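A.B. asks: Please read through the structure below; I'll follow up with questions.
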Amino acid sequence: MSRTRLTVNPIALWLLLAAVLCSLVATIQPAQAQVLTTIYSFTGGADGNTPFGSLIKDKAGNLYGTTSWGGSEGGNCTYNGGYGTGCGTVFELTHSGFVWSFTLLYDFTGYPDDGANPANEFLAFDKLGNLYGTTYYGGTTSCSGQPGCGTVFKLTPSQGGWSETMLYSFPQGSGAFSPDSGVVVDKKGNLYGTTFHSGTGPGTVYKVTPSGTETVLHAFTGGADGGYPFGGLVLDKKGNLYGTTQYGGTNQNCGASGCGTVFKIAPDGTETVLYSFAGGTDGQWPWAGVILDKQGNLYGTTWVGEGGGCGSNACGTVFKVAPDGTETVLHSFNSPGDGEGLWGGVIFDAKGNLYGTTFIGGAYGNGTVFELTPSGGAWTETVLHSFNWSDGAYPHGSLLLEGGILYGATQAGGANSQGTVFGLNPRKRKK
């Protein structure tokens with residue numbers, strides 16, 4: 001498929017600062033502003049719309065991501081999922097000085113020949129520069145009336161563009177299907193991910209080899225072992241996988257479905273529940289996956305938690321789980337102005353600060369970007385930005401840190417109300 005390039009200029013403020021900052025230019029100069037900058041606003045046409053997922057970068061600092069909808073409206077993606085039609089896209093954003101360029105890498109065509117609608121997607125590179133990801137719909141098999149059971153795909157770069165391979169098509173039946181999150185890649189090129197559903201229970205952890213052979217490593221029961229994993233996985237040096245389930249666990253204070261878990265999957269497929277949320281001050285319903293520090297501690301977020309001020313479900317938490325399973329709440333969001341509802345995870349900077357987004361809340365109700373700073377065993381939260389719709393709304397995925405700049409996407413808002421990609425320097429604050 002041919003590559004489509006659209007070139008856009010960032011906001012005029014960057015240009016005014018150029019003369020002052022030219023001697024300080026870093027590789028990610030375009031986001032050197034003291035307020036959030038919209039790098040790209042999706043149109044909802046060929047470029048796609050509704051970027052649910054997170055961004056990744058290559059060695060040159062270029063950004064890659066997916067849109068869940070939009071793109072070509074032909075083929076088998078004319079159904080409307082509430083976000084318009086189209087099968088979704090994979091895109092790249094490259095920069096040169098103060099100019100960002102948008103490139104459409106791939107436009108999904110849908111069931112039965114291709115994947116469709118990447119969901120809570122984050123892409124992954126292998127050592128050869130190939131890109132891997134998943135689609136929630138599409139593939140070769142219809143799933144109880146929905147247009148396909150989902151796929152794992154591979155994008156291979158060449159001088160003529162990027163070519164797509166449907167590496168694996170999830171089947172209807174007793175196996176895994178409907179992958180919400182993306183994949184992680186090990187040194188041998190094996191891919192690991194989660195599915196929200198399976199034919200025998202509420203979701204799985206799976207492995208796909210470079211040749212396209214799939215193995216279910218663990219099928220969740222919805223009981224003490226957890227159920228319905230929505231977020232992705234993180235891989236440690238020993239080959240252990242870590243993640244979360246939205247429901248399940250040993251505590252039913254959140255109803256019969258449970259409050260969610262943090263789990264570990266050993267290389268042989270053995271699952272260990274590291275923590276079961278109780279639905280109180282510790283939070284409940286983790287949607288995103290976790291990150292891992294050098295000491296083996298895991299950090300993540302919960303959609304709600306006992307922070308008060310946000311109705312019966314409260315506002316959400318950022319948590320830490322130690323290797324021995326001890327959970328610590330680093331921050332409980334206390335009001336809509338503080339931020340509310342955490343869909344994405346958190347990331348570290350080199351100094352140990354944590355950054356993330358809230359889906360809603362903030363000064364305008366459209367979500368926030370926040371920072372958590374450690375000091376003497378406590379963590380201080382700062383709202384770095386509140387989205388106002390014109391600069392984006394409802395950030396869904398996790399952030400990316402590159403060259404001191406935070407990058408992310410919003411699923412709505414922007415110049416065309418179809419979602420945005422943004423950049424923010426956390427050290428440059430409003431005056």
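Labels for the structure tokens follow display order: chains A, B, ..., residues from 1 in each chain, ligands from 1.
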Residues within 12 Å of Phe319 of chain A, please, as a ChimeraX atom specification. Count only C-alpha atoms; anything in the same chain fewer than 5 positions from it doesn't count.

C.D. replies: /A:262,275,277,281-284,286,288-291,297-305,325-333,342,345-346,354,372,379

A.B. asks: Store the residues picked out above in a file with N, CA and C atoms, as a compact mmCIF listing (two decimals), in the first residue's frame.

C.D. replies:
# COMPACT_ATOMS: atom_id res chain seq x y z
N VAL A 262 -3.28 -8.09 39.93
CA VAL A 262 -1.97 -7.98 39.28
C VAL A 262 -1.39 -9.39 39.26
N TYR A 275 -1.34 -9.67 43.51
CA TYR A 275 -2.20 -8.83 44.35
C TYR A 275 -3.63 -8.88 43.84
N PHE A 277 -7.09 -6.75 44.25
CA PHE A 277 -7.63 -5.50 44.75
C PHE A 277 -8.88 -5.76 45.59
N THR A 281 -9.57 1.62 49.67
CA THR A 281 -8.55 2.63 49.44
C THR A 281 -7.47 2.17 48.47
N ASP A 282 -7.39 0.85 48.26
CA ASP A 282 -6.35 0.32 47.35
C ASP A 282 -6.74 0.43 45.88
N GLY A 283 -7.98 0.77 45.58
CA GLY A 283 -8.41 0.91 44.20
C GLY A 283 -9.10 -0.34 43.68
N GLN A 284 -9.64 -0.23 42.48
CA GLN A 284 -10.30 -1.37 41.84
C GLN A 284 -10.35 -1.16 40.33
N PRO A 286 -8.21 -2.30 37.48
CA PRO A 286 -7.09 -1.80 36.69
C PRO A 286 -7.31 -2.10 35.20
N ALA A 288 -5.22 -0.60 32.61
CA ALA A 288 -3.92 -0.62 31.93
C ALA A 288 -3.03 -1.71 32.50
N GLY A 289 -1.94 -1.99 31.81
CA GLY A 289 -0.93 -2.90 32.31
C GLY A 289 -0.05 -2.22 33.34
N VAL A 290 1.09 -2.81 33.63
CA VAL A 290 2.01 -2.30 34.64
C VAL A 290 3.38 -2.06 34.01
N ILE A 291 4.22 -1.28 34.72
CA ILE A 291 5.61 -1.13 34.36
C ILE A 291 6.47 -1.70 35.48
N ASN A 297 9.73 -3.96 41.35
CA ASN A 297 8.45 -3.39 41.74
C ASN A 297 7.61 -3.08 40.50
N LEU A 298 6.32 -3.24 40.63
CA LEU A 298 5.38 -2.97 39.55
C LEU A 298 4.56 -1.73 39.87
N TYR A 299 4.30 -0.91 38.84
CA TYR A 299 3.52 0.32 39.02
C TYR A 299 2.39 0.34 38.01
N GLY A 300 1.22 0.77 38.46
CA GLY A 300 0.09 0.81 37.56
C GLY A 300 -1.00 1.74 38.06
N THR A 301 -2.16 1.66 37.45
CA THR A 301 -3.28 2.53 37.78
C THR A 301 -4.56 1.72 37.90
N THR A 302 -5.52 2.28 38.62
CA THR A 302 -6.87 1.72 38.64
C THR A 302 -7.86 2.76 38.15
N TRP A 303 -8.90 2.27 37.52
CA TRP A 303 -9.91 3.16 36.94
C TRP A 303 -10.59 3.99 38.03
N VAL A 304 -10.92 3.36 39.13
CA VAL A 304 -11.54 4.06 40.25
C VAL A 304 -10.78 3.71 41.52
N GLY A 305 -11.13 4.39 42.61
CA GLY A 305 -10.50 4.15 43.90
C GLY A 305 -11.09 5.08 44.92
N GLY A 325 4.34 -8.89 46.90
CA GLY A 325 2.90 -8.73 46.80
C GLY A 325 2.32 -7.61 47.63
N THR A 326 3.16 -6.84 48.33
CA THR A 326 2.67 -5.73 49.13
C THR A 326 2.27 -4.58 48.21
N GLU A 327 1.04 -4.08 48.38
CA GLU A 327 0.56 -2.99 47.54
C GLU A 327 0.58 -1.68 48.31
N THR A 328 1.02 -0.62 47.64
CA THR A 328 1.03 0.72 48.21
C THR A 328 0.35 1.67 47.23
N VAL A 329 -0.59 2.45 47.72
CA VAL A 329 -1.21 3.47 46.88
C VAL A 329 -0.34 4.71 46.93
N LEU A 330 0.20 5.10 45.79
CA LEU A 330 1.05 6.28 45.71
C LEU A 330 0.25 7.56 45.65
N HIS A 331 -0.93 7.49 45.01
CA HIS A 331 -1.79 8.66 44.95
C HIS A 331 -3.22 8.23 44.71
N SER A 332 -4.14 8.83 45.48
CA SER A 332 -5.57 8.69 45.24
C SER A 332 -6.09 10.01 44.71
N PHE A 333 -6.70 9.98 43.54
CA PHE A 333 -7.27 11.20 42.97
C PHE A 333 -8.52 11.57 43.75
N LEU A 342 -8.60 6.57 35.43
CA LEU A 342 -7.31 6.30 34.80
C LEU A 342 -7.42 5.08 33.90
N GLY A 345 -1.68 3.66 31.68
CA GLY A 345 -0.74 3.38 32.75
C GLY A 345 0.14 4.57 33.05
N VAL A 346 1.25 4.32 33.75
CA VAL A 346 2.21 5.36 34.11
C VAL A 346 3.58 5.01 33.52
N LEU A 354 6.88 9.90 38.13
CA LEU A 354 5.88 9.15 37.35
C LEU A 354 4.98 10.13 36.60
N LEU A 372 3.72 12.66 39.22
CA LEU A 372 3.87 12.27 40.62
C LEU A 372 5.34 12.32 40.97
N TRP A 379 4.39 11.00 47.85
CA TRP A 379 4.34 11.38 46.44
C TRP A 379 3.43 12.60 46.29

A.B. asks: Counting only C-alpha atoms, what is within 12 Å of Thr78 of chain A, bar same-chain residues fewer than 5 positions away, as a CSV table (one decimal) with N, CA and C atoms, in the first residue's frame?

C.D. replies:
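The result, stored in result_24.csv:
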chain,number,residue,atom,x,y,z
A,69,TRP,N,-10.3,3.8,14.3
A,69,TRP,CA,-11.4,3.9,13.3
A,69,TRP,C,-10.9,4.8,12.2
A,70,GLY,N,-11.7,5.0,11.2
A,70,GLY,CA,-11.3,5.9,10.1
A,70,GLY,C,-10.5,5.1,9.1
A,71,GLY,N,-9.8,5.8,8.2
A,71,GLY,CA,-9.1,5.2,7.1
A,71,GLY,C,-10.1,4.8,6.0
A,72,SER,N,-9.8,3.8,5.2
A,72,SER,CA,-10.7,3.4,4.1
A,72,SER,C,-12.1,2.9,4.7
A,73,GLU,N,-13.1,3.4,4.1
A,73,GLU,CA,-14.5,3.0,4.5
A,73,GLU,C,-15.0,1.9,3.6
A,83,TYR,N,-17.9,5.5,16.7
A,83,TYR,CA,-16.8,6.5,16.4
A,83,TYR,C,-16.7,6.7,14.9
A,84,GLY,N,-17.7,6.5,14.1
A,84,GLY,CA,-17.7,6.5,12.7
A,84,GLY,C,-17.4,5.2,12.1
A,85,THR,N,-17.0,5.1,10.8
A,85,THR,CA,-16.7,3.9,10.2
A,85,THR,C,-15.2,3.8,9.8
A,86,GLY,N,-14.9,2.7,9.1
A,86,GLY,CA,-13.5,2.6,8.7
A,86,GLY,C,-12.8,1.6,9.6
A,87,CYS,N,-11.7,0.9,9.1
A,87,CYS,CA,-11.0,-0.2,9.8
A,87,CYS,C,-9.8,0.2,10.7
A,88,GLY,N,-9.5,1.5,10.7
A,88,GLY,CA,-8.4,2.0,11.5
A,88,GLY,C,-7.1,2.0,10.7
A,109,THR,N,-8.1,-3.3,6.0
A,109,THR,CA,-9.3,-3.5,5.2
A,109,THR,C,-10.3,-4.4,5.8
A,110,GLY,N,-10.0,-5.1,6.8
A,110,GLY,CA,-11.0,-5.9,7.6
A,110,GLY,C,-11.3,-7.3,7.1
A,111,TYR,N,-12.2,-7.9,7.8
A,111,TYR,CA,-12.6,-9.3,7.6
A,111,TYR,C,-13.1,-9.5,6.2
A,116,ALA,N,-8.8,-5.5,11.6
A,116,ALA,CA,-9.6,-4.3,11.6
A,116,ALA,C,-9.7,-3.8,13.0
A,117,ASN,N,-9.6,-2.4,13.2
A,117,ASN,CA,-9.9,-1.7,14.4
A,117,ASN,C,-8.9,-2.1,15.6
A,147,PRO,N,-17.5,-8.8,13.1
A,147,PRO,CA,-16.7,-9.0,11.8
A,147,PRO,C,-15.3,-9.4,12.1

A.B. asks: Kindly indicate which residue among A:Gly279, A:Gly189, A:Gly260, A:Gly352 lies nearest to Ser211 of chain A, using only C-alpha atoms for the distances.

C.D. replies: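 Using only C-alpha atoms, Ser211 of chain A sits closest to A:Gly189.
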
A.B. asks: Skipping near chain neighbours, those fewer than 5 positions away, what residues fall within 8 Å of segment 63-66 of chain A using only C-alpha atoms, listed as a list in words?

C.D. replies: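 Result of the neighbour search: Pro51, Phe52, Gly53, Ser54, Leu55, Ile56, Lys57, Asp58, Gly88, Thr89, Val90, Phe91, Glu92, Leu93, Thr94, Pro118, Glu121, Phe122 and Leu123 of chain A.
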
A.B. asks: Pick the closest to Asp186 of chain A from A:Val208, A:Ala322, A:Ala219, A:Ile265: which is it, counting only C-alpha atoms?

C.D. replies: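 Nearest candidate to Asp186 of chain A out of A:Val208, A:Ala322, A:Ala219, A:Ile265: A:Val208.
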
A.B. asks: Go through segment 151-398 of chain A and collect every residue that DSSP, computed from the backbone, puts in strand (DSSP E or B); the answer should be as a PyMOL selection string.

C.D. replies: chain A and resi 151-158+161-169+176-177+181+184-185+191-195+197-198+204-208+214-219+227+234-235+241-245+247+261-265+271-276+284+291-292+298-302+304-305+314+317-321+327-332+340+347-348+354-358+360-361+366+368-375+378-386+389+392-395

A.B. asks: Restricting it to C-alpha atoms, dump the selection as an mmCIF file, in the first residue's frame.

C.D. replies:
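Output (part.cif):
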data_model
loop_
_atom_site.group_PDB
_atom_site.id
_atom_site.type_symbol
_atom_site.label_atom_id
_atom_site.label_comp_id
_atom_site.auth_asym_id
_atom_site.auth_seq_id
_atom_site.Cartn_x
_atom_site.Cartn_y
_atom_site.Cartn_z
ATOM 1 C CA THR A 151 -5.521 -10.607 14.507
ATOM 2 C CA VAL A 152 -1.822 -10.225 15.254
ATOM 3 C CA PHE A 153 -0.175 -8.308 12.424
ATOM 4 C CA LYS A 154 3.345 -7.527 11.235
ATOM 5 C CA LEU A 155 4.450 -4.474 9.243
ATOM 6 C CA THR A 156 7.727 -4.828 7.344
ATOM 7 C CA PRO A 157 9.559 -1.697 6.100
ATOM 8 C CA SER A 158 11.059 -1.419 2.630
ATOM 9 C CA GLY A 161 6.698 1.471 1.848
ATOM 10 C CA TRP A 162 5.456 -0.904 4.524
ATOM 11 C CA SER A 163 3.904 -4.286 3.751
ATOM 12 C CA GLU A 164 1.484 -5.972 6.131
ATOM 13 C CA THR A 165 1.300 -9.640 7.079
ATOM 14 C CA MET A 166 -1.611 -11.075 9.048
ATOM 15 C CA LEU A 167 0.632 -13.163 11.280
ATOM 16 C CA TYR A 168 -2.190 -14.816 13.200
ATOM 17 C CA SER A 169 -5.983 -14.763 12.958
ATOM 18 C CA ALA A 176 -8.460 -16.815 22.626
ATOM 19 C CA PHE A 177 -10.045 -13.971 20.679
ATOM 20 C CA SER A 181 -3.985 -4.622 23.867
ATOM 21 C CA VAL A 184 5.627 -7.394 23.624
ATOM 22 C CA VAL A 185 8.500 -9.052 21.775
ATOM 23 C CA LEU A 191 5.124 -12.144 20.710
ATOM 24 C CA TYR A 192 3.076 -12.066 23.918
ATOM 25 C CA GLY A 193 -0.275 -10.429 24.576
ATOM 26 C CA THR A 194 -3.680 -10.693 26.205
ATOM 27 C CA THR A 195 -7.197 -11.231 24.925
ATOM 28 C CA HIS A 197 -12.290 -12.981 25.727
ATOM 29 C CA SER A 198 -11.877 -16.675 25.113
ATOM 30 C CA THR A 204 -6.147 -15.262 28.099
ATOM 31 C CA VAL A 205 -2.419 -14.641 27.973
ATOM 32 C CA TYR A 206 -1.051 -15.957 24.677
ATOM 33 C CA LYS A 207 2.185 -16.411 22.743
ATOM 34 C CA VAL A 208 2.679 -16.199 18.960
ATOM 35 C CA GLU A 214 -0.213 -19.449 18.734
ATOM 36 C CA THR A 215 -0.201 -20.953 22.240
ATOM 37 C CA VAL A 216 -2.500 -19.986 25.122
ATOM 38 C CA LEU A 217 -0.225 -19.685 28.165
ATOM 39 C CA HIS A 218 -3.028 -19.073 30.629
ATOM 40 C CA ALA A 219 -6.823 -19.021 30.334
ATOM 41 C CA GLY A 227 -10.540 -12.259 34.617
ATOM 42 C CA VAL A 234 5.606 -6.347 30.454
ATOM 43 C CA LEU A 235 8.472 -8.846 30.138
ATOM 44 C CA LEU A 241 5.278 -11.738 32.083
ATOM 45 C CA TYR A 242 3.354 -9.273 34.261
ATOM 46 C CA GLY A 243 -0.050 -7.734 33.758
ATOM 47 C CA THR A 244 -3.444 -6.931 35.242
ATOM 48 C CA THR A 245 -6.984 -8.208 34.988
ATOM 49 C CA TYR A 247 -12.002 -8.213 37.182
ATOM 50 C CA THR A 261 -5.655 -8.435 40.028
ATOM 51 C CA VAL A 262 -1.973 -7.984 39.275
ATOM 52 C CA PHE A 263 -0.515 -11.255 37.976
ATOM 53 C CA LYS A 264 2.717 -12.945 36.896
ATOM 54 C CA ILE A 265 3.057 -15.639 34.225
ATOM 55 C CA GLU A 271 0.235 -18.017 36.856
ATOM 56 C CA THR A 272 0.735 -16.307 40.217
ATOM 57 C CA VAL A 273 -1.604 -13.620 41.505
ATOM 58 C CA LEU A 274 0.644 -11.008 43.089
ATOM 59 C CA TYR A 275 -2.198 -8.833 44.350
ATOM 60 C CA SER A 276 -6.003 -8.900 44.471
ATOM 61 C CA GLN A 284 -10.300 -1.368 41.842
ATOM 62 C CA ILE A 291 5.615 -1.126 34.358
ATOM 63 C CA LEU A 292 8.609 -2.716 36.064
ATOM 64 C CA LEU A 298 5.379 -2.971 39.547
ATOM 65 C CA TYR A 299 3.523 0.315 39.023
ATOM 66 C CA GLY A 300 0.086 0.811 37.560
ATOM 67 C CA THR A 301 -3.281 2.534 37.777
ATOM 68 C CA THR A 302 -6.869 1.717 38.644
ATOM 69 C CA VAL A 304 -11.537 4.061 40.253
ATOM 70 C CA GLY A 305 -10.498 4.147 43.896
ATOM 71 C CA ALA A 314 -14.431 7.633 43.353
ATOM 72 C CA THR A 317 -5.364 5.534 41.980
ATOM 73 C CA VAL A 318 -1.710 5.057 41.085
ATOM 74 C CA PHE A 319 -0.291 2.009 42.868
ATOM 75 C CA LYS A 320 2.916 0.061 43.482
ATOM 76 C CA VAL A 321 3.150 -3.701 44.055
ATOM 77 C CA GLU A 327 0.559 -2.986 47.543
ATOM 78 C CA THR A 328 1.033 0.723 48.211
ATOM 79 C CA VAL A 329 -1.213 3.469 46.882
ATOM 80 C CA LEU A 330 1.054 6.280 45.709
ATOM 81 C CA HIS A 331 -1.793 8.664 44.953
ATOM 82 C CA SER A 332 -5.574 8.687 45.243
ATOM 83 C CA GLU A 340 -10.737 11.237 37.251
ATOM 84 C CA ILE A 347 5.820 5.846 32.974
ATOM 85 C CA PHE A 348 9.066 6.827 34.731
ATOM 86 C CA LEU A 354 5.883 9.152 37.352
ATOM 87 C CA TYR A 355 3.706 10.537 34.569
ATOM 88 C CA GLY A 356 0.266 9.572 33.356
ATOM 89 C CA THR A 357 -3.121 10.780 32.179
ATOM 90 C CA THR A 358 -6.663 10.765 33.487
ATOM 91 C CA ILE A 360 -11.777 12.688 32.282
ATOM 92 C CA GLY A 361 -11.707 15.381 34.942
ATOM 93 C CA ASN A 366 -11.761 16.360 29.252
ATOM 94 C CA THR A 368 -5.424 15.662 32.330
ATOM 95 C CA VAL A 369 -1.697 14.995 32.160
ATOM 96 C CA PHE A 370 -0.223 14.575 35.651
ATOM 97 C CA GLU A 371 3.135 14.135 37.378
ATOM 98 C CA LEU A 372 3.870 12.274 40.616
ATOM 99 C CA THR A 373 7.076 13.337 42.384
ATOM 100 C CA PRO A 374 8.595 11.241 45.229
ATOM 101 C CA SER A 375 9.890 12.981 48.340
ATOM 102 C CA ALA A 378 5.448 10.492 49.951
ATOM 103 C CA TRP A 379 4.335 11.384 46.443
ATOM 104 C CA THR A 380 3.152 14.801 45.328
ATOM 105 C CA GLU A 381 0.769 15.076 42.387
ATOM 106 C CA THR A 382 0.815 17.999 39.958
ATOM 107 C CA VAL A 383 -1.683 18.486 37.141
ATOM 108 C CA LEU A 384 0.521 19.521 34.217
ATOM 109 C CA HIS A 385 -2.299 20.106 31.756
ATOM 110 C CA SER A 386 -6.087 19.991 31.547
ATOM 111 C CA TRP A 389 -11.207 19.957 23.682
ATOM 112 C CA GLY A 392 -7.594 17.275 22.624
ATOM 113 C CA ALA A 393 -9.909 15.336 24.909
ATOM 114 C CA TYR A 394 -10.032 11.975 26.703
ATOM 115 C CA PRO A 395 -6.450 10.648 26.654
#

A.B. asks: If you take only C-alpha atoms and a cut-off of 9 Å, which residues of segment 34-65 of chain A touch segment 99-106 of chain A, and what are their nearest atom pairs and distances in Å to one decimal, in chain and number order, as CSV?

C.D. replies:
residue,atom,partner,partner_atom,distance
A:Ile39,CA,A:Trp100,CA,7.0
A:Tyr40,CA,A:Phe102,CA,7.8
A:Ala46,CA,A:Leu104,CA,8.2
A:Asp47,CA,A:Leu104,CA,6.3
A:Gly48,CA,A:Leu104,CA,8.9

A.B. asks: Figure out the distance between atom CA of Leu36 of chain A and atom CA of Ala60 of chain A, please, to one decimal in Å.

C.D. replies: 22.0 Å

A.B. asks: Please identify all polymer residues within 8 Å of Gly248 of chain A, counting only C-alpha atoms, omitting same-chain residues fewer than 3 positions from it, and present them as a short mmCIF file (atom, residue, chain, number, x, y, z; two decimals) with C-alpha atoms, in the first residue's frame.

C.D. replies:
data_model
loop_
_atom_site.label_atom_id
_atom_site.label_comp_id
_atom_site.auth_asym_id
_atom_site.auth_seq_id
_atom_site.Cartn_x
_atom_site.Cartn_y
_atom_site.Cartn_z
CA GLY A 222 -12.78 -15.10 36.38
CA GLY A 223 -12.22 -16.36 39.91
CA ALA A 224 -9.20 -15.98 42.18
CA ASP A 225 -6.83 -16.01 39.19
CA GLY A 226 -8.45 -12.92 37.68
CA GLY A 227 -10.54 -12.26 34.62
CA TYR A 228 -10.80 -10.02 31.54
CA THR A 245 -6.98 -8.21 34.99
CA ASN A 251 -12.16 -9.95 46.92
CA SER A 257 -17.10 -10.11 39.20
CA GLY A 258 -14.31 -9.11 41.60
CA CYS A 259 -12.08 -6.04 41.85
CA GLY A 260 -9.18 -7.06 39.63
CA THR A 261 -5.66 -8.43 40.03
#

A.B. asks: Could you work out how far atom CA of Gly423 of chain A lies from atom CA of Gly44 of chain A, giving the answer in Å with one decimal?

C.D. replies: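 Those two atoms sit 20.5 Å apart.
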
A.B. asks: Report, in Å to a single decimal, how far apart atom CA of Trp343 of chain A and atom CA of Gly365 of chain A are.

C.D. replies: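 Between atom CA of Gly365 of chain A and atom CA of Trp343 of chain A the gap works out to 14.8 Å.
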
A.B. asks: Pick from A:Thr200, A:Asn120, A:Thr38, A:Asn190: nearest to Phe230 of chain A, with only C-alpha atoms counted?

C.D. replies: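 Smallest distance to Phe230 of chain A is found for A:Asn120.
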